$ cat input_20.cif   # mmCIF, C-alpha atoms
data_data
#
loop_
_atom_site.label_atom_id
_atom_site.label_comp_id
_atom_site.auth_asym_id
_atom_site.auth_seq_id
_atom_site.Cartn_x
_atom_site.Cartn_y
_atom_site.Cartn_z
CA MET A 14 25.68 -0.87 -4.23
CA LYS A 15 27.30 2.15 -2.72
CA ASP A 16 25.89 3.46 0.48
CA VAL A 17 22.81 5.65 0.17
CA ASN A 18 20.72 7.32 2.84
CA HIS A 19 17.32 6.56 1.34
CA LYS A 20 15.99 3.24 0.13
CA VAL A 21 12.54 2.55 -1.20
CA VAL A 22 10.84 -0.41 -2.82
CA PHE A 23 7.87 0.29 -5.08
CA GLN A 24 5.25 -2.35 -5.84
CA LEU A 25 3.45 -2.30 -9.19
CA ASN A 26 0.91 -5.02 -9.98
CA THR A 27 -1.42 -3.48 -12.53
CA ASP A 28 -1.61 -3.41 -16.33
CA ASN A 29 -3.48 -0.10 -16.24
CA ILE A 30 -1.47 2.33 -18.36
CA ILE A 31 -2.47 5.34 -16.25
CA GLU A 32 -1.13 3.61 -13.15
CA GLN A 33 2.04 2.51 -14.95
CA ASN A 34 2.63 6.10 -16.03
CA ALA A 35 2.04 7.21 -12.44
CA LEU A 36 4.83 4.83 -11.40
CA VAL A 37 7.12 6.55 -13.89
CA THR A 38 6.23 9.97 -12.51
CA TYR A 39 6.57 8.82 -8.89
CA THR A 40 9.99 7.27 -9.29
CA ASN A 41 11.21 10.21 -11.36
CA ASN A 42 10.14 12.64 -8.66
CA VAL A 43 11.84 10.68 -5.89
CA LYS A 44 14.98 10.31 -7.99
CA LYS A 45 15.00 14.02 -8.78
CA HIS A 46 14.69 14.85 -5.09
CA TRP A 47 17.52 12.70 -3.75
CA GLY A 48 19.68 12.08 -6.84
CA ASP A 49 22.43 9.59 -6.04
CA ASP A 50 21.40 9.41 -2.40
CA VAL A 51 18.45 7.09 -3.00
CA ALA A 52 18.07 3.48 -4.09
CA ILE A 53 14.80 2.81 -5.89
CA HIS A 54 13.74 -0.76 -6.61
CA VAL A 55 10.49 -1.37 -8.49
CA VAL A 56 8.99 -4.83 -8.14
CA VAL A 57 6.62 -5.72 -10.98
CA HIS A 58 4.38 -8.73 -10.53
CA GLY A 59 0.96 -10.01 -11.54
CA PRO A 60 -0.50 -7.97 -14.40
CA GLY A 61 2.21 -5.36 -13.73
CA ILE A 62 4.84 -7.56 -15.33
CA GLY A 63 3.76 -6.43 -18.82
CA MET A 64 5.53 -3.15 -18.14
CA VAL A 65 8.94 -4.81 -18.57
CA ARG A 66 8.05 -7.26 -21.37
CA LYS A 67 9.59 -6.63 -24.78
CA SER A 68 6.44 -7.96 -26.44
CA LYS A 69 3.93 -6.02 -24.32
CA SER A 70 5.33 -2.90 -22.70
CA MET A 71 3.52 0.29 -23.56
CA ILE A 72 6.12 2.45 -21.80
CA GLU A 73 9.43 0.96 -22.92
CA ASP A 74 11.14 4.33 -23.37
CA SER A 75 10.15 5.53 -19.91
CA ILE A 76 11.32 2.33 -18.27
CA LYS A 77 14.67 2.45 -20.05
CA ALA A 78 15.15 6.11 -19.14
CA LEU A 79 14.51 5.26 -15.49
CA MET A 80 16.99 2.38 -15.62
CA GLN A 81 19.57 4.73 -17.11
CA LYS A 82 19.10 6.93 -14.05
CA GLY A 83 19.74 3.97 -11.78
CA VAL A 84 16.22 2.82 -10.96
CA VAL A 85 16.24 -0.97 -10.63
CA PHE A 86 13.38 -3.13 -11.90
CA ILE A 87 12.72 -6.59 -10.51
CA ALA A 88 10.44 -9.10 -12.26
CA CYS A 89 8.63 -11.76 -10.22
CA GLU A 90 9.45 -15.29 -11.36
CA ASN A 91 6.26 -16.68 -9.81
CA THR A 92 4.34 -14.40 -12.13
CA MET A 93 6.51 -15.41 -15.10
CA LYS A 94 5.88 -19.11 -14.45
CA ALA A 95 2.14 -18.58 -14.03
CA ARG A 96 1.95 -16.57 -17.26
CA GLN A 97 4.54 -18.63 -19.18
CA ILE A 98 6.77 -15.63 -19.77
CA GLU A 99 10.36 -16.34 -20.81
CA LYS A 100 13.31 -14.34 -19.49
CA VAL A 101 14.21 -13.49 -23.09
CA ASP A 102 10.98 -11.45 -23.26
CA ILE A 103 12.04 -9.22 -20.35
CA PHE A 104 14.02 -6.00 -20.92
CA GLU A 105 17.75 -6.34 -20.49
CA ASP A 106 19.15 -5.44 -17.05
CA VAL A 107 15.84 -6.12 -15.31
CA LEU A 108 16.59 -8.34 -12.32
CA PHE A 109 14.62 -11.40 -11.26
CA ALA A 110 13.31 -12.48 -7.87
CA PRO A 111 11.82 -15.93 -7.19
CA SER A 112 8.88 -14.14 -5.54
CA GLY A 113 8.23 -10.44 -5.98
CA LEU A 114 6.37 -10.25 -2.69
CA VAL A 115 9.12 -12.01 -0.77
CA TYR A 116 11.52 -9.46 -2.26
CA ILE A 117 9.35 -6.58 -1.02
CA ILE A 118 9.04 -8.12 2.44
CA GLU A 119 12.80 -8.69 2.70
CA LYS A 120 13.49 -5.10 1.73
CA GLN A 121 11.17 -3.85 4.46
CA GLU A 122 12.97 -6.16 6.91
CA GLU A 123 16.20 -4.41 5.90
CA GLY A 124 14.65 -1.02 6.68
CA TRP A 125 13.60 0.07 3.22
CA SER A 126 10.46 2.19 2.87
CA TYR A 127 7.57 0.75 0.88
CA ILE A 128 5.25 2.44 -1.60
CA LYS A 129 2.31 0.67 -3.17
CA CYS A 130 1.97 2.29 -6.57
CA ASN A 131 -1.47 1.66 -7.89
CA LEU A 132 -4.05 4.42 -7.88
CA MET B 8 4.42 18.16 18.15
CA LYS B 9 4.04 16.64 21.53
CA ASP B 10 5.21 13.09 21.95
CA VAL B 11 2.80 10.41 20.87
CA ASN B 12 3.14 6.65 20.90
CA HIS B 13 1.57 6.00 17.51
CA LYS B 14 2.40 7.66 14.21
CA VAL B 15 0.92 6.83 10.86
CA VAL B 16 1.11 8.33 7.41
CA PHE B 17 -1.80 7.71 5.03
CA GLN B 18 -1.41 7.99 1.25
CA LEU B 19 -4.39 9.05 -0.86
CA ASN B 20 -3.94 9.43 -4.62
CA THR B 21 -7.41 8.92 -6.05
CA ASP B 22 -10.30 11.19 -7.02
CA ASN B 23 -12.80 8.39 -6.44
CA ILE B 24 -15.32 9.70 -3.92
CA ILE B 25 -15.91 6.27 -2.39
CA GLU B 26 -12.20 5.95 -1.71
CA GLN B 27 -11.98 9.50 -0.36
CA ASN B 28 -14.84 8.74 2.02
CA ALA B 29 -13.07 5.55 3.04
CA LEU B 30 -10.06 7.70 3.98
CA VAL B 31 -12.34 9.77 6.21
CA THR B 32 -13.70 6.65 7.91
CA TYR B 33 -10.24 5.12 8.29
CA THR B 34 -8.64 8.15 9.88
CA ASN B 35 -11.67 8.72 12.12
CA ASN B 36 -11.48 5.15 13.38
CA VAL B 37 -7.77 5.36 14.13
CA LYS B 38 -8.23 8.71 15.86
CA LYS B 39 -11.14 7.37 17.91
CA HIS B 40 -9.01 4.43 19.01
CA TRP B 41 -5.93 6.30 20.19
CA GLY B 42 -7.21 9.84 20.78
CA ASP B 43 -4.34 12.19 21.55
CA ASP B 44 -1.82 9.36 21.48
CA VAL B 45 -1.63 9.16 17.69
CA ALA B 46 -0.27 11.44 14.98
CA ILE B 47 -2.07 11.01 11.66
CA HIS B 48 -0.67 12.64 8.54
CA VAL B 49 -2.54 12.25 5.26
CA VAL B 50 -0.54 12.87 2.10
CA VAL B 51 -2.71 13.74 -0.88
CA HIS B 52 -1.12 13.66 -4.32
CA GLY B 53 -1.96 12.94 -7.93
CA PRO B 54 -5.73 12.91 -8.48
CA GLY B 55 -6.14 12.75 -4.68
CA ILE B 56 -5.24 16.41 -4.35
CA GLY B 57 -8.78 17.42 -5.31
CA MET B 58 -9.87 16.41 -1.82
CA VAL B 59 -8.22 19.50 -0.31
CA ARG B 60 -9.00 22.00 -3.10
CA LYS B 61 -11.47 24.77 -2.34
CA SER B 62 -12.71 24.63 -5.93
CA LYS B 63 -13.05 20.86 -6.19
CA SER B 64 -13.40 19.07 -2.87
CA MET B 65 -16.54 16.96 -2.54
CA ILE B 66 -15.88 16.29 1.16
CA GLU B 67 -14.88 19.68 2.54
CA ASP B 68 -16.84 19.28 5.78
CA SER B 69 -15.31 15.88 6.52
CA ILE B 70 -11.80 17.13 5.88
CA LYS B 71 -12.28 20.15 8.10
CA ALA B 72 -13.76 18.02 10.88
CA LEU B 73 -10.72 15.74 10.71
CA MET B 74 -8.36 18.73 10.85
CA GLN B 75 -10.22 20.02 13.90
CA LYS B 76 -9.47 16.68 15.56
CA GLY B 77 -5.78 17.07 14.80
CA VAL B 78 -5.43 15.08 11.59
CA VAL B 79 -2.81 16.78 9.41
CA PHE B 80 -3.17 17.00 5.63
CA ILE B 81 -0.18 17.45 3.35
CA ALA B 82 -0.52 18.49 -0.30
CA CYS B 83 2.15 17.46 -2.81
CA GLU B 84 3.74 20.43 -4.58
CA ASN B 85 4.89 18.26 -7.49
CA THR B 86 1.23 17.48 -8.13
CA MET B 87 0.28 21.14 -7.75
CA LYS B 88 2.89 22.21 -10.29
CA ALA B 89 1.87 19.50 -12.76
CA ARG B 90 -1.81 20.46 -12.43
CA GLN B 91 -1.24 24.21 -12.13
CA ILE B 92 -2.94 24.40 -8.77
CA GLU B 93 -2.31 27.52 -6.68
CA LYS B 94 -1.78 27.40 -2.93
CA VAL B 95 -4.71 29.79 -2.54
CA ASP B 96 -6.98 27.01 -3.82
CA ILE B 97 -5.93 24.65 -1.00
CA PHE B 98 -7.84 24.58 2.32
CA GLU B 99 -6.31 26.65 5.07
CA ASP B 100 -3.97 24.81 7.45
CA VAL B 101 -3.15 22.11 4.92
CA LEU B 102 0.63 21.74 4.85
CA PHE B 103 2.79 21.44 1.73
CA ALA B 104 5.59 19.05 0.86
CA PRO B 105 7.84 19.46 -2.20
CA SER B 106 7.14 15.80 -2.99
CA GLY B 107 4.34 13.84 -1.34
CA LEU B 108 6.14 10.55 -1.92
CA VAL B 109 9.39 11.82 -0.43
CA TYR B 110 7.35 12.89 2.61
CA ILE B 111 5.87 9.39 2.96
CA ILE B 112 9.29 7.77 2.58
CA GLU B 113 10.84 10.09 5.17
CA LYS B 114 8.08 9.33 7.65
CA GLN B 115 8.70 5.60 7.25
CA GLU B 116 12.41 6.25 7.79
CA GLU B 117 11.46 7.90 11.08
CA GLY B 118 9.49 4.82 12.13
CA TRP B 119 5.99 5.86 11.18
CA SER B 120 3.57 3.20 9.99
CA TYR B 121 2.22 3.49 6.44
CA ILE B 122 -1.28 2.88 5.13
CA LYS B 123 -2.13 3.05 1.44
CA CYS B 124 -5.71 4.21 1.39
CA ASN B 125 -7.22 3.37 -1.94
CA LEU B 126 -9.63 0.47 -2.23
CA MET F 8 3.21 -18.12 18.46
CA LYS F 9 6.55 -19.76 18.02
CA ASP F 10 9.38 -17.58 16.90
CA VAL F 11 9.61 -16.92 13.18
CA ASN F 12 12.06 -14.86 11.18
CA HIS F 13 9.54 -13.27 8.83
CA LYS F 14 6.30 -11.51 9.71
CA VAL F 15 3.96 -9.82 7.30
CA VAL F 16 0.53 -8.27 7.57
CA PHE F 17 -1.60 -8.12 4.43
CA GLN F 18 -4.43 -5.62 4.02
CA LEU F 19 -7.46 -6.53 1.89
CA ASN F 20 -10.33 -4.07 1.59
CA THR F 21 -11.99 -4.93 -1.70
CA ASP F 22 -14.89 -7.12 -2.75
CA ASN F 23 -13.42 -7.58 -6.23
CA ILE F 24 -13.07 -11.31 -6.79
CA ILE F 25 -9.96 -10.93 -8.95
CA GLU F 26 -8.26 -9.02 -6.15
CA GLN F 27 -9.41 -11.53 -3.54
CA ASN F 28 -7.97 -14.35 -5.64
CA ALA F 29 -4.75 -12.37 -5.96
CA LEU F 30 -4.59 -12.27 -2.14
CA VAL F 31 -4.86 -16.07 -2.14
CA THR F 32 -2.04 -16.40 -4.66
CA TYR F 33 0.13 -13.86 -2.85
CA THR F 34 -0.16 -15.46 0.57
CA ASN F 35 0.31 -18.94 -0.90
CA ASN F 36 3.51 -17.85 -2.61
CA VAL F 37 4.94 -16.26 0.51
CA LYS F 38 3.98 -19.31 2.59
CA LYS F 39 5.55 -21.65 0.02
CA HIS F 40 8.77 -19.65 0.13
CA TRP F 41 9.30 -19.52 3.88
CA GLY F 42 7.17 -22.42 5.16
CA ASP F 43 7.05 -22.40 8.95
CA ASP F 44 9.45 -19.48 9.16
CA VAL F 45 6.84 -16.85 8.33
CA ALA F 46 3.79 -15.46 10.12
CA ILE F 47 1.14 -14.18 7.72
CA HIS F 48 -1.78 -12.16 9.06
CA VAL F 49 -4.47 -10.97 6.64
CA VAL F 50 -6.63 -8.09 7.82
CA VAL F 51 -9.95 -7.87 5.99
CA HIS F 52 -11.98 -4.71 6.37
CA GLY F 53 -14.41 -2.53 4.46
CA PRO F 54 -15.80 -4.39 1.44
CA GLY F 55 -13.05 -6.97 1.90
CA ILE F 56 -14.85 -8.48 4.87
CA GLY F 57 -17.13 -10.46 2.55
CA MET F 58 -14.23 -12.81 1.90
CA VAL F 59 -14.61 -14.35 5.37
CA ARG F 60 -18.42 -14.26 5.64
CA LYS F 61 -20.27 -17.57 5.59
CA SER F 62 -23.15 -15.94 3.75
CA LYS F 63 -21.07 -14.07 1.16
CA SER F 64 -17.63 -15.52 0.55
CA MET F 65 -16.90 -16.52 -3.02
CA ILE F 66 -13.60 -18.16 -2.08
CA GLU F 67 -14.42 -20.15 1.05
CA ASP F 68 -12.33 -23.18 0.05
CA SER F 69 -9.25 -21.06 -0.66
CA ILE F 70 -9.55 -19.21 2.64
CA LYS F 71 -9.93 -22.42 4.60
CA ALA F 72 -6.97 -24.01 2.82
CA LEU F 73 -4.85 -20.98 3.74
CA MET F 74 -5.97 -21.17 7.36
CA GLN F 75 -5.04 -24.86 7.43
CA LYS F 76 -1.54 -23.82 6.37
CA GLY F 77 -1.35 -21.37 9.26
CA VAL F 78 -2.35 -18.12 7.60
CA VAL F 79 -4.31 -16.04 10.12
CA PHE F 80 -7.31 -13.93 9.10
CA ILE F 81 -8.47 -10.96 11.14
CA ALA F 82 -11.88 -9.34 10.66
CA CYS F 83 -12.36 -5.65 11.50
CA GLU F 84 -15.08 -5.09 14.10
CA ASN F 85 -15.55 -1.47 13.01
CA THR F 86 -16.53 -2.81 9.60
CA MET F 87 -18.79 -5.43 11.16
CA LYS F 88 -20.61 -2.82 13.21
CA ALA F 89 -21.01 -0.49 10.23
CA ARG F 90 -22.36 -3.31 8.07
CA GLN F 91 -24.33 -5.06 10.85
CA ILE F 92 -22.43 -8.30 10.42
CA GLU F 93 -22.67 -10.80 13.27
CA LYS F 94 -19.71 -12.85 14.46
CA VAL F 95 -21.71 -16.00 13.75
CA ASP F 96 -21.53 -15.11 10.04
CA ILE F 97 -17.71 -15.13 10.07
CA PHE F 98 -15.73 -18.32 9.34
CA GLU F 99 -14.59 -20.22 12.38
CA ASP F 100 -11.06 -19.46 13.61
CA VAL F 101 -11.02 -16.02 12.03
CA LEU F 102 -9.82 -13.57 14.68
CA PHE F 103 -11.34 -10.18 15.43
CA ALA F 104 -9.73 -6.79 15.93
CA PRO F 105 -11.63 -3.73 17.21
CA SER F 106 -10.10 -1.79 14.29
CA GLY F 107 -8.44 -3.51 11.34
CA LEU F 108 -6.33 -0.46 10.60
CA VAL F 109 -5.15 -0.14 14.19
CA TYR F 110 -4.14 -3.80 13.97
CA ILE F 111 -2.09 -3.15 10.82
CA ILE F 112 -0.43 -0.11 12.38
CA GLU F 113 0.45 -2.01 15.56
CA LYS F 114 1.99 -4.83 13.56
CA GLN F 115 4.19 -2.34 11.69
CA GLU F 116 5.18 -0.84 15.04
CA GLU F 117 6.30 -4.34 16.07
CA GLY F 118 8.47 -4.61 12.96
CA TRP F 119 6.17 -6.58 10.68
CA SER F 120 6.29 -5.90 6.94
CA TYR F 121 3.15 -4.57 5.27
CA ILE F 122 1.62 -5.46 1.93
CA LYS F 123 -1.42 -3.68 0.54
CA CYS F 124 -3.16 -6.34 -1.52
CA ASN F 125 -5.45 -4.68 -3.98
CA LEU F 126 -4.52 -4.46 -7.62
#

$ encode --input "input_20.cif" --output "structure tokens"
Amino acid sequence: MKDVNHKVVFQLNTDNIIEQNALVTYTNNVKKHWGDDVAIHVVVHGPGIGMVRKSKSMIEDSIKALMQKGVVFIACENTMKARQIEKVDIFEDVLFAPSGLVYIIEKQEEGWSYIKCNL
Amino acid sequence: MKDVNHKVVFQLNTDNIIEQNALVTYTNNVKKHWGDDVAIHVVVHGPGIGMVRKSKSMIEDSIKALMQKGVVFIACENTMKARQIEKVDIFEDVLFAPSGLVYIIEKQEEGWSYIKCNL
Amino acid sequence: MKDVNHKVVFQLNTDNIIEQNALVTYTNNVKKHWGDDVAIHVVVHGPGIGMVRKSKSMIEDSIKALMQKGVVFIACENTMKARQIEKVDIFEDVLFAPSGLVYIIEKQEEGWSYIKCNL
């Protein structure tokens, strides 16, 4: 990853479509503000994982548009094990973390800002 | 702003009155604890913006009492554009940020603590 | 407290049993990942305080199992005053903070990561 001045990790753990759409708006706004000078990682875990599932996502187009702009999505493997979700059911180019929460904590340790997304 | 030892940015993005009242309690408690030695900025965005609208707020007195004590409110202009809210409809002395989320991220970059308010 | 490389403060302020169980899963996963190399403090306040009340908790066994593993729970005394909860009604070994939010802010000031638990 090239060097950027702003780094933020978003946490999304809800299957509520209004809250998932809010995540889309939030990340779009931050991306629009800083352009290439921001790294945005979105960790989806718990019921939020549906957002990046081929078989479940209600906002596939929005997610893919965000990924095209450079927003990175990370799926929690603890959640996938608990819900018996296969990697093949997750959108291409989504990354995986053994624990979504550990990922969020590590990012904060590295100085990233943190935004909890739910309403 | 004079130098203070504690700085915290609260995020409020809900129109739920119970959660808005919780924000009032939370900020009051933090203010009571540290008095003049804390800076408290409350970013209202999304459905939370109603809290600082002359035409909508259900807790005008509480907000104004907090502002009298030095709590700063910041309204998100992205939200205002999306909801066609005019500045004239926002309580006096509320500040504006082009993006409420960018404001929260920048504060964290400057070392402020972050509290997500919703229940 | 012996020196650990990872420190995280969780905030729980809901009486929703699904969200309280999510807190149990979250802290278990983080503990499993880092073992003795992580300090996990869970601040319960507002409606979340019920989780550590002898007379109210719906997840007593889970809480006690977490405490056995070293997870620390902190009850907010502001909440206890507001709800007229006596210390004798709180599980043994739960710690107390005059203000749960102040505790969370201070931990962030000391470099701890922060996770807001609610869904």

$ closest_residue --input "input_20.cif" --among "A:Gly113, A:Gly83, A:Pro60, A:Gly124" --to "Asp28 of chain A" --atoms "all atoms listed in the file"
A:Pro60

$ closest_residue --input "input_20.cif" --among "F:Tyr33, F:Trp41, F:Phe17, F:Phe98" --to "chain B" --atoms "all atoms listed in the file"
F:Phe17

$ resolve_selection --input "input_20.cif" --expression "the PyMOL selection byres ((chain A) within 7 of (chain B))" --output "list in words"
Val43, Ser126, Lys129 and Leu132 of chain A

$ resolve_selection --input "input_20.cif" --expression "the PyMOL selection byres ((chain F and resi 69) around 10)" --output "list in words"
Gln27, Asn28, Val31, Thr32, Asn35, Met58, Met65, Ile66, Glu67, Asp68, Ile70, Lys71, Ala72, Leu73, Met74 and Gln75 of chain F

$ atom_distance --input "input_20.cif" --atom1 "atom CA of Glu105 of chain A" --atom2 "atom CA of Ile87 of chain A"
11.2 Å

$ atom_distance --input "input_20.cif" --atom1 "atom CA of Ala104 of chain F" --atom2 "atom CA of Trp125 of chain A"
27.4 Å

$ closest_residue --input "input_20.cif" --among "B:Leu102, B:Ala29, B:Met87, B:Ala82" --to "Val51 of chain B" --atoms "only C-alpha atoms"
B:Ala82

$ atom_distance --input "input_20.cif" --atom1 "atom CA of Ile92 of chain F" --atom2 "atom CA of Val15 of chain B"
27.8 Å

$ resolve_selection --input "input_20.cif" --expression "the PyMOL selection byres ((chain B and resi 61) around 6)" --output "mmCIF file with C-alpha atoms, in the coordinates of the input"
data_model
loop_
_atom_site.group_PDB
_atom_site.id
_atom_site.type_symbol
_atom_site.label_atom_id
_atom_site.label_comp_id
_atom_site.auth_asym_id
_atom_site.auth_seq_id
_atom_site.Cartn_x
_atom_site.Cartn_y
_atom_site.Cartn_z
ATOM 1 C CA ARG B 60 -9.000 22.000 -3.100
ATOM 2 C CA SER B 62 -12.710 24.630 -5.930
ATOM 3 C CA LYS B 63 -13.050 20.860 -6.190
ATOM 4 C CA ASP B 96 -6.980 27.010 -3.820
ATOM 5 C CA ILE B 97 -5.930 24.650 -1.000
ATOM 6 C CA PHE B 98 -7.840 24.580 2.320
#

$ closest_residue --input "input_20.cif" --among "B:Cys83, B:Val16, B:Ala89, B:Val59" --to "Glu117 of chain B" --atoms "all atoms listed in the file"
B:Val16

$ closest_residue --input "input_20.cif" --among "A:Lys82, A:His58, A:Lys20, A:Arg96" --to "Lys45 of chain A" --atoms "only C-alpha atoms"
A:Lys82

$ residues_near_point --input "input_20.cif" --point "(14.2, -2.7, -11.9)" --cutoff "7 Å" --atoms "only C-alpha atoms" --output "ChimeraX atom specification"
/A:54-56,80,84-87,107-108

$ axis_aligned_box --input "input_20.cif" --around "segment 106-109 of chain A" --padding-each-side "4 Å" --output "lines of an AutoDock Vina configuration file"
center_x = 16.9
center_y = -8.4
center_z = -14.2
size_x = 12.5
size_y = 14.0
size_z = 13.8

$ decode --input "input_20.cif" --residues "segment 15-33 of chain B" --atoms "N, CA, C and O atoms" --output "JSON list (two decimals), in the first residue's frame"
[["chain", "number", "residue", "atom", "x", "y", "z"],
["B", 15, "VAL", "N", -12.36, 14.60, 23.80],
["B", 15, "VAL", "CA", -13.16, 13.48, 23.34],
["B", 15, "VAL", "C", -14.19, 13.94, 22.32],
["B", 15, "VAL", "O", -14.81, 14.98, 22.46],
["B", 16, "VAL", "N", -14.31, 13.15, 21.27],
["B", 16, "VAL", "CA", -15.30, 13.41, 20.24],
["B", 16, "VAL", "C", -16.38, 12.33, 20.31],
["B", 16, "VAL", "O", -16.09, 11.14, 20.30],
["B", 17, "PHE", "N", -17.63, 12.78, 20.48],
["B", 17, "PHE", "CA", -18.78, 11.88, 20.50],
["B", 17, "PHE", "C", -19.44, 11.88, 19.12],
["B", 17, "PHE", "O", -19.55, 12.92, 18.47],
["B", 18, "GLN", "N", -19.91, 10.70, 18.73],
["B", 18, "GLN", "CA", -20.64, 10.56, 17.46],
["B", 18, "GLN", "C", -22.09, 10.21, 17.76],
["B", 18, "GLN", "O", -22.36, 9.24, 18.49],
["B", 19, "LEU", "N", -23.02, 10.97, 17.18],
["B", 19, "LEU", "CA", -24.44, 10.68, 17.39],
["B", 19, "LEU", "C", -25.12, 10.68, 16.03],
["B", 19, "LEU", "O", -25.18, 11.72, 15.35],
["B", 20, "ASN", "N", -25.61, 9.53, 15.60],
["B", 20, "ASN", "CA", -26.27, 9.46, 14.29],
["B", 20, "ASN", "C", -27.61, 8.73, 14.36],
["B", 20, "ASN", "O", -27.92, 7.90, 13.52],
["B", 21, "THR", "N", -28.39, 9.07, 15.38],
["B", 21, "THR", "CA", -29.70, 8.44, 15.53],
["B", 21, "THR", "C", -30.75, 9.46, 15.90],
["B", 21, "THR", "O", -30.47, 10.45, 16.58],
["B", 22, "ASP", "N", -31.98, 9.23, 15.44],
["B", 22, "ASP", "CA", -33.08, 10.12, 15.83],
["B", 22, "ASP", "C", -33.88, 9.54, 17.00],
["B", 22, "ASP", "O", -34.92, 10.09, 17.36],
["B", 23, "ASN", "N", -33.39, 8.46, 17.56],
["B", 23, "ASN", "CA", -34.06, 7.84, 18.70],
["B", 23, "ASN", "C", -33.91, 8.74, 19.93],
["B", 23, "ASN", "O", -32.79, 9.07, 20.35],
["B", 24, "ILE", "N", -35.02, 9.13, 20.51],
["B", 24, "ILE", "CA", -34.99, 10.10, 21.61],
["B", 24, "ILE", "C", -34.29, 9.52, 22.86],
["B", 24, "ILE", "O", -33.62, 10.25, 23.60],
["B", 25, "ILE", "N", -34.43, 8.23, 23.06],
["B", 25, "ILE", "CA", -33.76, 7.61, 24.22],
["B", 25, "ILE", "C", -32.24, 7.72, 24.05],
["B", 25, "ILE", "O", -31.51, 8.02, 24.99],
["B", 26, "GLU", "N", -31.79, 7.51, 22.83],
["B", 26, "GLU", "CA", -30.35, 7.58, 22.56],
["B", 26, "GLU", "C", -29.86, 9.02, 22.60],
["B", 26, "GLU", "O", -28.74, 9.30, 23.04],
["B", 27, "GLN", "N", -30.70, 9.95, 22.15],
["B", 27, "GLN", "CA", -30.31, 11.36, 22.21],
["B", 27, "GLN", "C", -30.22, 11.82, 23.67],
["B", 27, "GLN", "O", -29.31, 12.55, 24.06],
["B", 28, "ASN", "N", -31.14, 11.35, 24.49],
["B", 28, "ASN", "CA", -31.06, 11.68, 25.92],
["B", 28, "ASN", "C", -29.86, 11.03, 26.57],
["B", 28, "ASN", "O", -29.25, 11.60, 27.49],
["B", 29, "ALA", "N", -29.51, 9.84, 26.11],
["B", 29, "ALA", "CA", -28.30, 9.19, 26.64],
["B", 29, "ALA", "C", -27.08, 10.05, 26.34],
["B", 29, "ALA", "O", -26.21, 10.24, 27.19],
["B", 30, "LEU", "N", -27.03, 10.61, 25.13],
["B", 30, "LEU", "CA", -25.92, 11.52, 24.77],
["B", 30, "LEU", "C", -25.84, 12.68, 25.75],
["B", 30, "LEU", "O", -24.74, 13.07, 26.19],
["B", 31, "VAL", "N", -26.97, 13.22, 26.12],
["B", 31, "VAL", "CA", -27.00, 14.34, 27.07],
["B", 31, "VAL", "C", -26.44, 13.89, 28.42],
["B", 31, "VAL", "O", -25.58, 14.56, 29.01],
["B", 32, "THR", "N", -26.88, 12.74, 28.89],
["B", 32, "THR", "CA", -26.37, 12.22, 30.16],
["B", 32, "THR", "C", -24.87, 11.96, 30.08],
["B", 32, "THR", "O", -24.11, 12.32, 30.99],
["B", 33, "TYR", "N", -24.46, 11.31, 28.99],
["B", 33, "TYR", "CA", -23.04, 10.96, 28.85],
["B", 33, "TYR", "C", -22.14, 12.19, 28.89],
["B", 33, "TYR", "O", -21.15, 12.24, 29.62]]
